[in-house]
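Q: This is upload.tsv, which holds TSV, C-alpha atoms:
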chain	number	residue	atom	x	y	z
A	150	MET	CA	21.68	8.20	14.06
A	151	ARG	CA	22.39	11.85	13.49
A	152	ALA	CA	19.23	13.64	12.48
A	153	GLY	CA	19.31	14.93	8.96
A	154	SER	CA	22.07	12.63	7.90
A	155	VAL	CA	22.37	11.21	4.53
A	156	SER	CA	20.02	8.77	5.14
A	157	LEU	CA	18.40	11.44	3.07
A	158	PHE	CA	19.58	9.60	0.05
A	159	LEU	CA	18.26	6.42	1.23
A	160	ILE	CA	17.67	5.21	-2.17
A	161	ALA	CA	19.66	3.24	-4.64
A	162	VAL	CA	19.34	0.50	-7.10
A	163	SER	CA	20.38	-2.63	-5.37
A	164	ALA	CA	18.64	-5.95	-5.03
A	165	CYS	CA	14.94	-5.26	-5.34
A	166	ARG	CA	12.77	-8.06	-4.07
A	167	SER	CA	9.55	-6.69	-5.38
A	168	GLY	CA	6.15	-7.76	-4.17
A	169	ALA	CA	4.74	-5.21	-6.53
A	170	ALA	CA	1.06	-6.01	-6.68
A	171	GLY	CA	-0.34	-4.31	-9.72
A	172	ALA	CA	3.02	-2.96	-10.78
A	173	THR	CA	4.00	-3.10	-14.40
A	174	ALA	CA	7.55	-3.65	-15.60
A	175	ALA	CA	7.52	-0.03	-16.75
A	176	ASP	CA	6.51	1.11	-13.25
A	177	SER	CA	9.35	-0.81	-11.65
A	178	THR	CA	11.90	0.36	-14.21
A	179	ALA	CA	10.87	3.99	-13.88
A	180	LEU	CA	10.84	3.77	-10.09
A	181	LEU	CA	14.30	2.27	-9.92
A	182	ALA	CA	15.56	4.89	-12.37
A	183	ALA	CA	14.17	7.60	-10.10
A	184	TYR	CA	15.92	5.98	-7.14
A	185	GLU	CA	19.21	5.99	-8.97
A	186	GLN	CA	18.86	9.63	-10.02
A	187	TYR	CA	18.19	10.59	-6.43
A	188	ARG	CA	21.18	8.61	-5.20
A	189	GLN	CA	23.46	10.13	-7.82
A	190	ALA	CA	22.23	13.60	-6.88
A	191	TRP	CA	23.45	13.05	-3.33
A	192	LEU	CA	26.74	11.54	-4.39
A	193	HIS	CA	27.38	14.63	-6.52
A	194	ASN	CA	26.05	17.14	-3.97
A	195	ASP	CA	23.46	18.21	-6.55
A	196	SER	CA	20.66	19.69	-4.45
A	197	ALA	CA	18.55	20.67	-7.46
A	198	ALA	CA	18.55	17.12	-8.79
A	199	ALA	CA	17.77	15.70	-5.36
A	200	LEU	CA	14.89	18.13	-4.88
A	201	GLY	CA	13.64	17.22	-8.35
A	202	ARG	CA	12.75	13.81	-6.95
A	203	ILE	CA	10.83	15.30	-4.02
A	204	SER	CA	7.12	16.05	-4.17
A	205	ASP	CA	5.75	19.43	-3.12
A	206	ASP	CA	3.87	17.83	-0.22
A	207	ILE	CA	6.83	15.85	1.08
A	208	GLN	CA	6.98	14.77	4.72
A	209	ILE	CA	10.37	13.63	5.99
A	210	LEU	CA	10.23	11.62	9.19
A	211	ILE	CA	13.65	11.26	10.80
A	212	SER	CA	14.46	9.94	14.27
A	213	GLY	CA	15.16	12.50	16.94
A	214	ILE	CA	13.31	15.44	15.42
A	215	PRO	CA	9.72	16.31	14.52
A	216	GLU	CA	8.61	15.82	10.95
A	217	ILE	CA	9.89	18.07	8.18
A	218	VAL	CA	6.98	19.15	6.03
A	219	GLY	CA	7.00	20.68	2.57
A	220	LYS	CA	9.48	21.48	-0.17
A	221	HIS	CA	10.76	24.70	1.39
A	222	ALA	CA	11.82	23.03	4.64
A	223	THR	CA	13.25	20.12	2.68
A	224	ARG	CA	15.33	22.43	0.49
A	225	LYS	CA	16.89	23.95	3.61
A	226	LEU	CA	17.58	20.50	5.03
A	227	PHE	CA	19.25	19.31	1.84
A	228	LEU	CA	21.33	22.45	1.39
A	229	ASP	CA	22.53	22.32	5.01
A	230	GLU	CA	23.36	18.64	4.71
A	231	MET	CA	25.26	19.03	1.46
A	232	ALA	CA	27.14	22.05	2.79
A	233	ASN	CA	28.38	20.13	5.81
A	234	TYR	CA	28.90	16.61	4.51
A	235	ARG	CA	30.03	14.84	1.37
A	236	HIS	CA	28.65	11.37	0.90
A	237	THR	CA	31.28	8.88	-0.09
A	238	ALA	CA	29.69	5.46	0.17
A	239	LEU	CA	26.24	4.03	0.22
A	240	THR	CA	24.79	0.57	0.25
A	241	LEU	CA	21.06	0.23	0.10
A	242	ASP	CA	18.90	-2.82	-0.07
A	243	HIS	CA	15.27	-2.56	-1.10
A	244	HIS	CA	13.58	-5.44	0.67
A	245	ASP	CA	10.08	-4.99	-0.66
A	246	VAL	CA	8.08	-2.87	-3.08
A	247	ILE	CA	4.31	-2.51	-3.22
A	248	VAL	CA	2.76	-0.53	-6.07
A	249	SER	CA	-0.87	0.56	-5.93
A	250	GLY	CA	-2.14	2.96	-8.55
A	251	ASP	CA	0.11	6.01	-8.61
A	252	TYR	CA	1.84	5.14	-5.33
A	253	ALA	CA	4.75	2.85	-4.51
A	254	ILE	CA	5.84	1.83	-1.01
A	255	VAL	CA	9.42	0.67	-0.63
A	256	ILE	CA	11.10	-0.68	2.50
A	257	GLY	CA	14.72	-1.59	3.01
A	258	THR	CA	17.97	-0.92	4.81
A	259	TYR	CA	20.80	1.53	4.21
A	260	ASP	CA	24.48	1.76	5.08
A	261	GLU	CA	26.34	4.98	4.34
A	262	THR	CA	29.57	6.83	4.97
A	263	GLU	CA	29.93	10.59	4.85
A	264	GLU	CA	32.85	12.96	5.31
A	265	PRO	CA	32.56	16.38	6.94
A	266	THR	CA	33.39	19.12	4.45
A	267	LYS	CA	35.44	21.01	7.07
A	268	THR	CA	36.94	19.04	9.94
A	269	GLY	CA	36.08	15.96	11.91
A	270	ALA	CA	35.92	12.22	11.53
A	271	SER	CA	33.87	10.47	8.89
A	272	LEU	CA	30.48	9.18	9.92
A	273	HIS	CA	29.01	5.76	9.32
A	274	ASN	CA	25.23	5.38	9.51
A	275	THR	CA	23.01	2.36	9.13
A	276	GLY	CA	19.30	1.99	9.45
A	277	ARG	CA	15.99	1.15	7.90
A	278	TYR	CA	13.57	3.07	5.73
A	279	MET	CA	10.08	3.14	4.36
A	280	THR	CA	9.60	5.44	1.39
A	281	VAL	CA	6.36	6.37	-0.35
A	282	TRP	CA	6.69	7.47	-3.97
A	283	ARG	CA	4.00	9.02	-6.15
A	284	ASN	CA	3.88	8.99	-9.91
A	285	GLU	CA	3.35	12.66	-10.81
A	286	ARG	CA	2.61	12.97	-14.52
A	287	GLY	CA	5.07	10.20	-15.32
A	288	GLU	CA	7.75	11.19	-12.80
A	289	TRP	CA	8.17	9.24	-9.56
A	290	ARG	CA	8.67	11.56	-6.60
A	291	ILE	CA	8.98	10.93	-2.87
A	292	VAL	CA	6.00	12.07	-0.79
A	293	ARG	CA	6.80	10.38	2.54
A	294	TYR	CA	9.84	8.83	4.02
A	295	MET	CA	10.71	7.56	7.41
A	296	LEU	CA	13.91	6.17	8.86
A	297	ASN	CA	14.61	4.29	12.04
A	298	ASP	CA	17.40	2.38	13.74
A	299	LEU	CA	18.32	-1.26	13.41
A	300	PRO	CA	19.01	-3.26	16.58
A	301	ALA	CA	22.47	-2.66	17.97
A	302	VAL	CA	24.99	-5.29	16.89
A	303	ALA	CA	26.71	-7.03	19.77
A	304	HIS	CA	30.49	-7.06	19.36
A	305	PRO	CA	32.35	-9.95	20.97
B	1308	MET	CA	-26.59	22.27	-26.35
B	1309	PRO	CA	-29.18	20.38	-24.33
B	1310	ALA	CA	-31.83	20.65	-27.02
B	1311	ARG	CA	-29.60	18.84	-29.51
B	1312	SER	CA	-28.38	16.18	-27.15
B	1313	TYR	CA	-31.63	14.23	-27.03
B	1314	PRO	CA	-31.55	12.92	-30.60
B	1315	VAL	CA	-27.94	11.87	-30.15
B	1316	ALA	CA	-28.71	10.04	-26.95
B	1317	LEU	CA	-31.64	8.29	-28.55
B	1318	GLY	CA	-29.42	7.24	-31.43
B	1319	LEU	CA	-26.93	5.70	-29.04
B	1320	LEU	CA	-29.70	3.72	-27.43
B	1321	LEU	CA	-30.76	2.39	-30.79
B	1322	VAL	CA	-27.31	1.23	-31.86
B	1323	THR	CA	-26.49	-0.22	-28.44
B	1324	PRO	CA	-29.32	-2.58	-27.71
B	1325	SER	CA	-29.83	-2.80	-23.98
B	1326	LEU	CA	-32.36	-5.40	-23.09
B	1327	SER	CA	-34.48	-5.27	-20.02
B	1328	ARG	CA	-34.34	-8.24	-17.71
B	1329	ALA	CA	-37.35	-9.75	-19.43
B	1330	GLN	CA	-35.64	-9.45	-22.83
B	1331	VAL	CA	-32.47	-11.31	-21.82
B	1332	PRO	CA	-32.74	-14.85	-23.20
B	1333	ALA	CA	-33.82	-17.31	-20.54
B	1334	ASP	CA	-30.84	-19.60	-21.13
B	1335	LEU	CA	-28.42	-16.69	-20.63
B	1336	ARG	CA	-30.18	-15.58	-17.46
B	1337	ALA	CA	-29.98	-19.12	-16.10
B	1338	ALA	CA	-26.31	-19.42	-17.04
B	1339	ALA	CA	-25.47	-16.08	-15.38
B	1340	ARG	CA	-27.28	-17.09	-12.21
B	1341	ALA	CA	-25.61	-20.51	-12.12
B	1342	ARG	CA	-22.14	-19.13	-12.74
B	1343	ASN	CA	-22.46	-16.50	-10.05
B	1344	THR	CA	-23.60	-19.15	-7.59
B	1345	ALA	CA	-20.71	-21.37	-8.69
B	1346	VAL	CA	-18.22	-18.63	-7.82
B	1347	THR	CA	-19.58	-18.08	-4.31
B	1348	GLN	CA	-20.09	-21.81	-3.66
B	1349	ALA	CA	-16.67	-22.79	-5.02
B	1350	ASP	CA	-18.43	-25.11	-7.46
B	1351	ALA	CA	-15.53	-25.70	-9.85
B	1352	ALA	CA	-17.42	-28.08	-12.16
B	1353	THR	CA	-20.22	-25.63	-12.91
B	1354	TRP	CA	-17.80	-22.73	-13.24
B	1355	ASP	CA	-15.71	-24.78	-15.67
B	1356	ARG	CA	-18.78	-25.67	-17.78
B	1357	LEU	CA	-19.86	-22.03	-18.04
B	1358	THR	CA	-16.41	-20.65	-18.84
B	1359	ALA	CA	-14.77	-20.63	-22.28
B	1360	ASP	CA	-11.43	-22.32	-22.71
B	1361	ASN	CA	-9.74	-19.08	-23.82
B	1362	PHE	CA	-11.14	-17.23	-20.77
B	1363	THR	CA	-9.09	-14.46	-19.20
B	1364	LEU	CA	-9.67	-12.48	-16.04
B	1365	ILE	CA	-8.02	-9.12	-15.48
B	1366	THR	CA	-7.93	-8.47	-11.75
B	1367	ALA	CA	-8.33	-5.11	-10.03
B	1368	GLY	CA	-4.58	-5.14	-9.57
B	1369	GLY	CA	-3.97	-5.54	-13.31
B	1370	LYS	CA	-2.94	-9.20	-13.29
B	1371	VAL	CA	-4.07	-11.43	-16.16
B	1372	VAL	CA	-5.40	-14.79	-14.95
B	1373	THR	CA	-6.08	-17.72	-17.29
B	1374	LYS	CA	-8.92	-20.21	-17.00
B	1375	ALA	CA	-6.61	-22.87	-15.56
B	1376	GLU	CA	-5.29	-20.45	-12.94
B	1377	ARG	CA	-8.74	-19.23	-11.97
B	1378	LEU	CA	-10.09	-22.76	-11.82
B	1379	ALA	CA	-7.28	-23.73	-9.45
B	1380	GLN	CA	-8.20	-20.77	-7.23
B	1381	ILE	CA	-11.85	-21.80	-7.13
B	1382	LYS	CA	-10.92	-25.36	-6.22
B	1383	ARG	CA	-8.89	-24.03	-3.31
B	1384	GLN	CA	-11.48	-21.61	-1.98
B	1385	GLN	CA	-14.11	-22.33	0.64
B	1386	PRO	CA	-17.81	-21.87	-0.16
B	1387	GLY	CA	-18.97	-18.47	1.00
B	1388	ALA	CA	-22.12	-16.49	1.44
B	1389	PRO	CA	-23.52	-15.10	-1.80
B	1390	VAL	CA	-22.66	-11.46	-2.42
B	1391	PRO	CA	-25.69	-9.56	-3.69
B	1392	LEU	CA	-25.07	-8.07	-7.13
B	1393	GLN	CA	-26.06	-4.47	-7.62
B	1394	HIS	CA	-26.78	-2.62	-10.85
B	1395	ASP	CA	-26.75	-5.91	-12.76
B	1396	THR	CA	-27.24	-5.16	-16.46
B	1397	MET	CA	-26.92	-7.28	-19.57
B	1398	GLN	CA	-26.57	-6.08	-23.15
B	1399	VAL	CA	-27.20	-8.78	-25.74
B	1400	ASN	CA	-26.30	-8.64	-29.41
B	1401	GLY	CA	-26.80	-11.96	-31.18
B	1402	ASN	CA	-24.47	-14.52	-29.68
B	1403	LEU	CA	-22.56	-11.98	-27.62
B	1404	ALA	CA	-23.57	-10.40	-24.33
B	1405	VAL	CA	-21.91	-7.96	-21.97
B	1406	GLN	CA	-22.86	-8.20	-18.31
B	1407	ARG	CA	-21.91	-5.57	-15.80
B	1408	PHE	CA	-22.58	-5.57	-12.07
B	1409	GLN	CA	-21.25	-4.16	-8.82
B	1410	GLY	CA	-20.05	-6.28	-5.93
B	1411	ARG	CA	-19.06	-5.10	-2.46
B	1412	ASP	CA	-16.24	-2.86	-3.63
B	1413	ILE	CA	-15.71	-3.77	-7.28
B	1414	TRP	CA	-17.27	-3.38	-10.69
B	1415	VAL	CA	-17.27	-6.51	-12.81
B	1416	THR	CA	-17.66	-6.55	-16.59
B	1417	GLN	CA	-17.93	-9.96	-18.19
B	1418	VAL	CA	-18.36	-10.95	-21.82
B	1419	TRP	CA	-20.57	-13.92	-22.67
B	1420	GLY	CA	-20.46	-15.80	-25.95
B	1421	LYS	CA	-22.84	-18.48	-27.21
B	1422	ASP	CA	-21.65	-21.47	-29.20
B	1423	LYS	CA	-22.86	-25.01	-29.62
B	1424	ARG	CA	-22.11	-25.65	-25.94
B	1425	GLY	CA	-24.32	-22.79	-24.86
B	1426	TRP	CA	-23.55	-19.48	-23.13
B	1427	ARG	CA	-20.08	-19.24	-21.59
B	1428	VAL	CA	-17.96	-16.41	-20.25
B	1429	ASN	CA	-14.99	-15.43	-22.40
B	1430	ALA	CA	-13.54	-12.54	-20.42
B	1431	VAL	CA	-13.93	-10.78	-17.09
B	1432	GLN	CA	-12.52	-7.43	-16.04
B	1433	VAL	CA	-12.61	-6.33	-12.41
B	1434	THR	CA	-12.29	-2.69	-11.45
B	1435	LEU	CA	-11.76	-1.61	-7.87
B	1436	ILE	CA	-14.07	1.11	-6.60
B	1437	GLU	CA	-11.90	3.73	-4.94
B	1438	PRO	CA	-12.96	3.89	-1.31
B	1439	ASP	CA	-14.25	7.13	0.06
B	1440	SER	CA	-11.40	8.71	2.01
B	1441	ALA	CA	-13.71	9.81	4.84
B	1442	ALA	CA	-14.91	6.23	5.22
B	1443	VAL	CA	-11.31	4.98	5.29
B	1444	ARG	CA	-10.42	7.54	7.93
B	1445	GLN	CA	-13.38	6.43	10.00
B	1446	ALA	CA	-12.31	2.79	9.66
B	1447	ILE	CA	-8.79	3.66	10.80
B	1448	ASP	CA	-10.09	5.69	13.76
B	1449	SER	CA	-12.25	2.78	14.74
B	1450	ALA	CA	-9.34	0.35	14.44
B	1451	TYR	CA	-7.21	2.52	16.70
B	1452	VAL	CA	-9.79	2.35	19.48
B	1453	ARG	CA	-9.21	-1.41	19.51
B	1454	TYR	CA	-5.44	-0.98	19.01
B	1455	ASN	CA	-5.12	1.38	21.98
B	1456	ALA	CA	-7.15	-0.92	24.20
B	1457	ALA	CA	-4.92	-3.86	23.23
B	1458	LEU	CA	-1.78	-1.83	23.91
B	1459	LYS	CA	-3.00	-0.90	27.37
B	1460	SER	CA	-4.03	-4.46	28.23
B	1461	GLY	CA	-0.84	-5.93	26.77
B	1462	ASP	CA	-2.84	-8.15	24.42
B	1463	ALA	CA	-0.36	-9.08	21.69
B	1464	ALA	CA	-2.76	-11.49	19.99
B	1465	ALA	CA	-5.41	-8.81	19.61
B	1466	ILE	CA	-2.88	-6.43	18.09
B	1467	ALA	CA	-1.56	-9.11	15.74
B	1468	GLN	CA	-5.09	-9.62	14.41
B	1469	MET	CA	-4.99	-6.07	13.13
B	1470	TYR	CA	-2.10	-6.93	10.82
B	1471	THR	CA	-2.21	-8.88	7.55
B	1472	ASP	CA	-0.67	-12.33	7.22
B	1473	ASP	CA	2.26	-10.82	5.33
B	1474	ALA	CA	2.66	-7.66	7.41
B	1475	ILE	CA	6.10	-6.21	8.08
B	1476	VAL	CA	6.62	-4.13	11.22
B	1477	MET	CA	9.80	-2.13	11.68
B	1478	ALA	CA	9.98	-0.88	15.25
B	1479	PRO	CA	13.14	1.06	16.15
B	1480	ASN	CA	15.96	-1.06	17.54
B	1481	PHE	CA	14.05	-4.30	16.94
B	1482	PRO	CA	14.52	-6.74	14.09
B	1483	ALA	CA	11.74	-6.47	11.51
B	1484	TRP	CA	8.72	-8.59	12.39
B	1485	GLN	CA	7.58	-10.32	9.22
B	1486	GLY	CA	4.20	-12.02	9.21
B	1487	ARG	CA	1.38	-12.03	11.74
B	1488	ALA	CA	2.97	-14.70	13.93
B	1489	ALA	CA	6.15	-12.64	14.20
B	1490	VAL	CA	4.10	-9.53	14.96
B	1491	ASN	CA	2.36	-11.43	17.74
B	1492	ALA	CA	5.67	-12.70	19.14
B	1493	GLY	CA	7.25	-9.26	18.79
B	1494	PHE	CA	4.51	-7.48	20.72
B	1495	ALA	CA	4.42	-10.28	23.29
B	1496	GLY	CA	8.15	-9.78	23.87
B	1497	PHE	CA	7.65	-6.03	24.12
B	1498	PHE	CA	4.85	-6.45	26.66
B	1499	GLY	CA	7.16	-8.76	28.60
B	1500	GLN	CA	9.46	-5.78	29.13
B	1501	PHE	CA	7.02	-2.88	29.28
B	1502	ALA	CA	3.49	-2.04	30.31
B	1503	ILE	CA	1.69	0.88	28.71
B	1504	THR	CA	-0.88	2.79	30.67
B	1505	ASP	CA	-1.36	5.85	28.57
B	1506	VAL	CA	-1.05	6.09	24.85
B	1507	ARG	CA	-2.31	8.55	22.29
B	1508	LEU	CA	-2.19	7.94	18.55
B	1509	ALA	CA	-3.21	10.81	16.29
B	1510	THR	CA	-3.66	10.48	12.55
B	1511	ARG	CA	-2.20	13.43	10.66
B	1512	ASP	CA	-3.16	12.47	7.12
B	1513	VAL	CA	-4.25	9.55	5.01
B	1514	ILE	CA	-3.52	8.94	1.33
B	1515	VAL	CA	-5.88	6.42	-0.26
B	1516	SER	CA	-4.76	4.60	-3.39
B	1517	GLY	CA	-6.74	1.59	-4.54
B	1518	ALA	CA	-6.82	-0.99	-1.77
B	1519	LEU	CA	-4.10	0.78	0.23
B	1520	ALA	CA	-4.26	3.67	2.67
B	1521	ILE	CA	-1.00	5.34	3.67
B	1522	GLU	CA	-1.38	6.96	7.07
B	1523	GLN	CA	1.02	9.31	8.80
B	1524	GLY	CA	0.52	10.12	12.45
B	1525	THR	CA	2.05	10.85	15.81
B	1526	TYR	CA	2.13	8.97	19.09
B	1527	GLU	CA	2.66	9.74	22.74
B	1528	TRP	CA	3.00	7.07	25.39
B	1529	THR	CA	4.47	6.23	28.76
B	1530	LEU	CA	6.29	2.92	29.10
B	1531	HIS	CA	6.55	1.26	32.49
B	1532	PRO	CA	9.56	-1.06	32.48
B	1533	LYS	CA	9.67	-4.10	34.74
B	1534	THR	CA	12.45	-2.34	36.60
B	1535	GLY	CA	13.46	1.28	36.53
B	1536	ALA	CA	11.76	4.57	35.94
B	1537	ASP	CA	8.94	5.25	33.51
B	1538	ILE	CA	9.88	6.31	30.01
B	1539	LYS	CA	7.85	9.03	28.36
B	1540	ASP	CA	8.18	9.07	24.61
B	1541	ASN	CA	6.62	10.75	21.63
B	1542	GLY	CA	7.21	10.36	17.94
B	1543	LYS	CA	5.67	9.59	14.60
B	1544	TYR	CA	4.65	6.66	12.48
B	1545	LEU	CA	4.02	5.74	8.87
B	1546	THR	CA	1.50	2.94	8.47
B	1547	VAL	CA	0.14	1.30	5.34
B	1548	TRP	CA	-3.35	-0.20	5.63
B	1549	GLN	CA	-4.71	-2.71	3.16
B	1550	ARG	CA	-8.40	-3.27	2.50
B	1551	GLN	CA	-9.41	-6.88	3.00
B	1552	THR	CA	-11.92	-8.86	0.98
B	1553	ASP	CA	-14.48	-8.46	3.77
B	1554	GLY	CA	-14.14	-4.68	3.56
B	1555	SER	CA	-12.11	-4.30	6.77
B	1556	TRP	CA	-8.69	-2.63	6.87
B	1557	LYS	CA	-5.52	-4.22	8.23
B	1558	ILE	CA	-1.95	-3.03	8.54
B	1559	VAL	CA	0.48	-4.38	5.95
B	1560	ARG	CA	3.55	-2.17	6.60
B	1561	ASP	CA	4.40	-0.23	9.74
B	1562	ILE	CA	7.36	1.89	10.84
B	1563	ASN	CA	7.84	4.48	13.56
B	1564	ASN	CA	10.51	6.55	15.27
B	1565	SER	CA	10.87	8.79	18.27
B	1566	ASP	CA	11.15	12.58	18.19
B	1567	ARG	CA	13.50	12.38	21.17
B	1568	PRO	CA	17.20	12.24	20.42
B	1569	GLY	CA	18.64	8.94	21.56
B	1570	ALA	CA	15.23	7.56	22.51
B	1571	MET	CA	13.68	4.34	21.26
Translate the structure described by the file into structure tokens.
A:
Amino acid sequence: MRAGSVSLFLIAVSACRSGAAGATAADSTALLAAYEQYRQAWLHNDSAAALGRISDDIQILISGIPEIVGKHATRKLFLDEMANYRHTALTLDHHDVIVSGDYAIVIGTYDETEEPTKTGASLHNTGRYMTVWRNERGEWRIVRYMLNDLPAVAHP
Amino acid sequence: MPARSYPVALGLLLVTPSLSRAQVPADLRAAARARNTAVTQADAATWDRLTADNFTLITAGGKVVTKAERLAQIKRQQPGAPVPLQHDTMQVNGNLAVQRFQGRDIWVTQVWGKDKRGWRVNAVQVTLIEPDSAAVRQAIDSAYVRYNAALKSGDAAAIAQMYTDDAIVMAPNFPAWQGRAAVNAGFAGFFGQFAITDVRLATRDVIVSGALAIEQGTYEWTLHPKTGADIKDNGKYLTVWQRQTDGSWKIVRDINNSDRPGAM
């Protein structure tokens, strides 16, 4: 998977099989709303909205590169990504949610397509994620997220 | 002002009668002792007798449990060793009493009421004591000593014991391993392909929230395949630990990836 790909918007409201211990319905609703806002931000190339769902002490953990730490580095990553690619399709599946206090841990899989803004073929990425959200004064924001690759699919 | 606070404090004491142990009615003391023993001994009959029909328990996780649900849990549980209660206090006001005590890692507040059937518990609220982050870090460090040793010896069963029954492990390029048995099988399969002679895991930071600890760290290791050249790899991981009822910490969610482009 290309480092810094859209996997950055790994979040969407799809089937959510929640194992949310201690989660209230309001927690789950607010968390899923935050997911959707983040997803829409990427679909509309809205870096400000995407960064609005990112905590100041974010750590982004993508395959192939060392961790990206902090809002400043994340802003650069998002701006570069949005300048070079437009995200056209995304399917995400949240497999599991755990809520504990002000934190929520979500795991799932993603499938995305993105088009280069200049030249080149479209890219199709799939993979897996674990995202840690924190409720910051009523707003859910991402503090950690990690992606990795699914097993290769054998084609007959 | 300190000088004015004394009368106020004294007033609070007067309107909130707090009885010493000797002042708690003998029948209430006996009921409290018997009910606590019933919980640890899984004595459902005694627990039932000392619990009001409209009883509710609010767990540390915020779940509301009815008497029928709690009774079913007690019937399923195995008798255990008694947990010493600390800071056990009882405030009695007529036919109502509020008991508060500390267990291993929880505070418990329970409300007693007296009717013609005697003293019975109407409500219990459990509050988790947030673990000290330094203690959690120490527990994780200690766990990794065992984890590293198991990695080097290729002991999948020992590693699997460090995961919860419902753990999910997402190693790159492998299907997710769900549950301890799958974790065991997954590591056994991995050790069938690779041996690991040197490995270094380094915790970068830990976020503690209730019974969970979210750890981010880095790894370096050398894999020795059954055939072919050694593979040196380094990367990062995100691991969620969950505190167990015995106070230990086990892994409930685990994901990692390599810093090397195109690596595992």
Q: Counting all atoms listed in the file, give me one row per residue of chain B with an atom at most 7 Å from an atom of chain A, showing the shortest contact pair and its distance in Å to one decimal, sorted by chain then residue number, as JSON lines.
A:
{"residue": "B:Gly1368", "atom": "CA", "partner": "A:Gly171", "partner_atom": "CA", "distance": 4.3}
{"residue": "B:Gly1369", "atom": "CA", "partner": "A:Gly171", "partner_atom": "CA", "distance": 5.3}
{"residue": "B:Lys1370", "atom": "CA", "partner": "A:Gly171", "partner_atom": "CA", "distance": 6.6}
{"residue": "B:Pro1479", "atom": "CA", "partner": "A:Asp298", "partner_atom": "CA", "distance": 5.1}
{"residue": "B:Asn1480", "atom": "CA", "partner": "A:Pro300", "partner_atom": "CA", "distance": 3.9}
{"residue": "B:Phe1481", "atom": "CA", "partner": "A:Pro300", "partner_atom": "CA", "distance": 5.1}
{"residue": "B:Pro1482", "atom": "CA", "partner": "A:Pro300", "partner_atom": "CA", "distance": 6.2}
{"residue": "B:Ser1516", "atom": "CA", "partner": "A:Gly250", "partner_atom": "CA", "distance": 6.0}
{"residue": "B:Gly1517", "atom": "CA", "partner": "A:Ser249", "partner_atom": "CA", "distance": 6.1}
{"residue": "B:Leu1519", "atom": "CA", "partner": "A:Ser249", "partner_atom": "CA", "distance": 7.0}
{"residue": "B:Asn1563", "atom": "CA", "partner": "A:Asn297", "partner_atom": "CA", "distance": 6.9}
{"residue": "B:Asn1564", "atom": "CA", "partner": "A:Ser212", "partner_atom": "CA", "distance": 5.3}
{"residue": "B:Ser1565", "atom": "CA", "partner": "A:Ser212", "partner_atom": "CA", "distance": 5.5}
{"residue": "B:Asp1566", "atom": "CA", "partner": "A:Gly213", "partner_atom": "CA", "distance": 4.2}
{"residue": "B:Arg1567", "atom": "CA", "partner": "A:Gly213", "partner_atom": "CA", "distance": 4.5}
{"residue": "B:Pro1568", "atom": "CA", "partner": "A:Gly213", "partner_atom": "CA", "distance": 4.0}
{"residue": "B:Gly1569", "atom": "CA", "partner": "A:Gly213", "partner_atom": "CA", "distance": 6.8}
Q: In Å, how far is it from atom CA of Leu1435 of chain B to atom CA of Asp1412 of chain B?
A: 6.3 Å
Q: Under the rule that only C-alpha atoms are counted, which of B:Gln1330, B:Ala1430, B:Arg1411, B:Ala1456 is the nearest residue to Arg1377 of chain B?
A: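 Smallest distance to Arg1377 of chain B is found for B:Ala1430.
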Q: Please list as a PDB file with C-alpha atoms, in the frame of the given file every residue within 10 Å of Ile217 of chain A, counting only C-alpha atoms and excluding residues in the same chain fewer than 4 positions away.
A:
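Saved as around09.pdb:
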ATOM      1  CA  GLY A 153      19.310  14.930   8.960  1.00  0.00           C
ATOM      2  CA  ILE A 207       6.830  15.850   1.080  1.00  0.00           C
ATOM      3  CA  GLN A 208       6.980  14.770   4.720  1.00  0.00           C
ATOM      4  CA  ILE A 209      10.370  13.630   5.990  1.00  0.00           C
ATOM      5  CA  LEU A 210      10.230  11.620   9.190  1.00  0.00           C
ATOM      6  CA  ILE A 211      13.650  11.260  10.800  1.00  0.00           C
ATOM      7  CA  HIS A 221      10.760  24.700   1.390  1.00  0.00           C
ATOM      8  CA  ALA A 222      11.820  23.030   4.640  1.00  0.00           C
ATOM      9  CA  THR A 223      13.250  20.120   2.680  1.00  0.00           C
ATOM     10  CA  LEU A 226      17.580  20.500   5.030  1.00  0.00           C
TER      11      LEU A 226
END
Q: Quote the spacing between atom CA of Ala1489 of chain B and atom CA of Lys1557 of chain B in Å to one decimal place.
A: 15.6 Å
Q: If the box runs along x, y and z of the file and leaves 3 Å on each side of segment 1418-1433 of chain B, what are its centre and edge lengths in Å, one decimal, as AutoDock Vina command-line options?
A:
--center_x -18.4 --center_y -16.0 --center_z -21.0 --size_x 17.8 --size_y 25.3 --size_z 23.2
Q: Mind giving me the straight-line distance from atom CA of Phe1362 of chain B to atom CA of Lys1374 of chain B in Å, one decimal?
A: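 The value is 5.3 Å.
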Q: For the point (-21.5, -17.4, -25.0) in the file's frame, write as a ChimeraX atom specification all residues with an atom no more than 12 Å away, counting only C-alpha atoms.
A: /B:1332,1334-1336,1338-1339,1356-1362,1399-1406,1417-1430
Q: For Val292 of chain A, which residue among B:Ile1503, B:Ala1474, B:Ile1521, B:Ile1562 is the nearest when counting only C-alpha atoms?
A: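 Under the stated criterion, the closest residue is B:Ile1521.
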Q: From the list B:Val1515, B:Ala1333, B:Ala1349, B:Val1452, which residue is nearest Arg1550 of chain B when using all atoms listed in the file?
A: B:Val1515
Q: For Ala198 of chain A, which residue out of A:Thr266, A:Asn274, A:Arg290, A:Trp282 is the nearest one, using all atoms listed in the file?
A: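 With all atoms listed in the file as the atom set, the closest residue is A:Arg290.
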Q: List as a JSON list (two decimals) with C-alpha atoms, keeping the file's coordinate frame the protein and nucleic acid residues near Asp1472 of chain B, meaning an atom at most 9 Å away when all atoms listed in the file are counted, but skip any in the same chain fewer than 4 places from it.
A:
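After the write, out.json holds the following:
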[["chain", "number", "residue", "atom", "x", "y", "z"],
["B", 1468, "GLN", "CA", -5.09, -9.62, 14.41],
["B", 1485, "GLN", "CA", 7.58, -10.32, 9.22],
["B", 1486, "GLY", "CA", 4.20, -12.02, 9.21],
["B", 1487, "ARG", "CA", 1.38, -12.03, 11.74],
["B", 1488, "ALA", "CA", 2.97, -14.70, 13.93],
["B", 1559, "VAL", "CA", 0.48, -4.38, 5.95]]
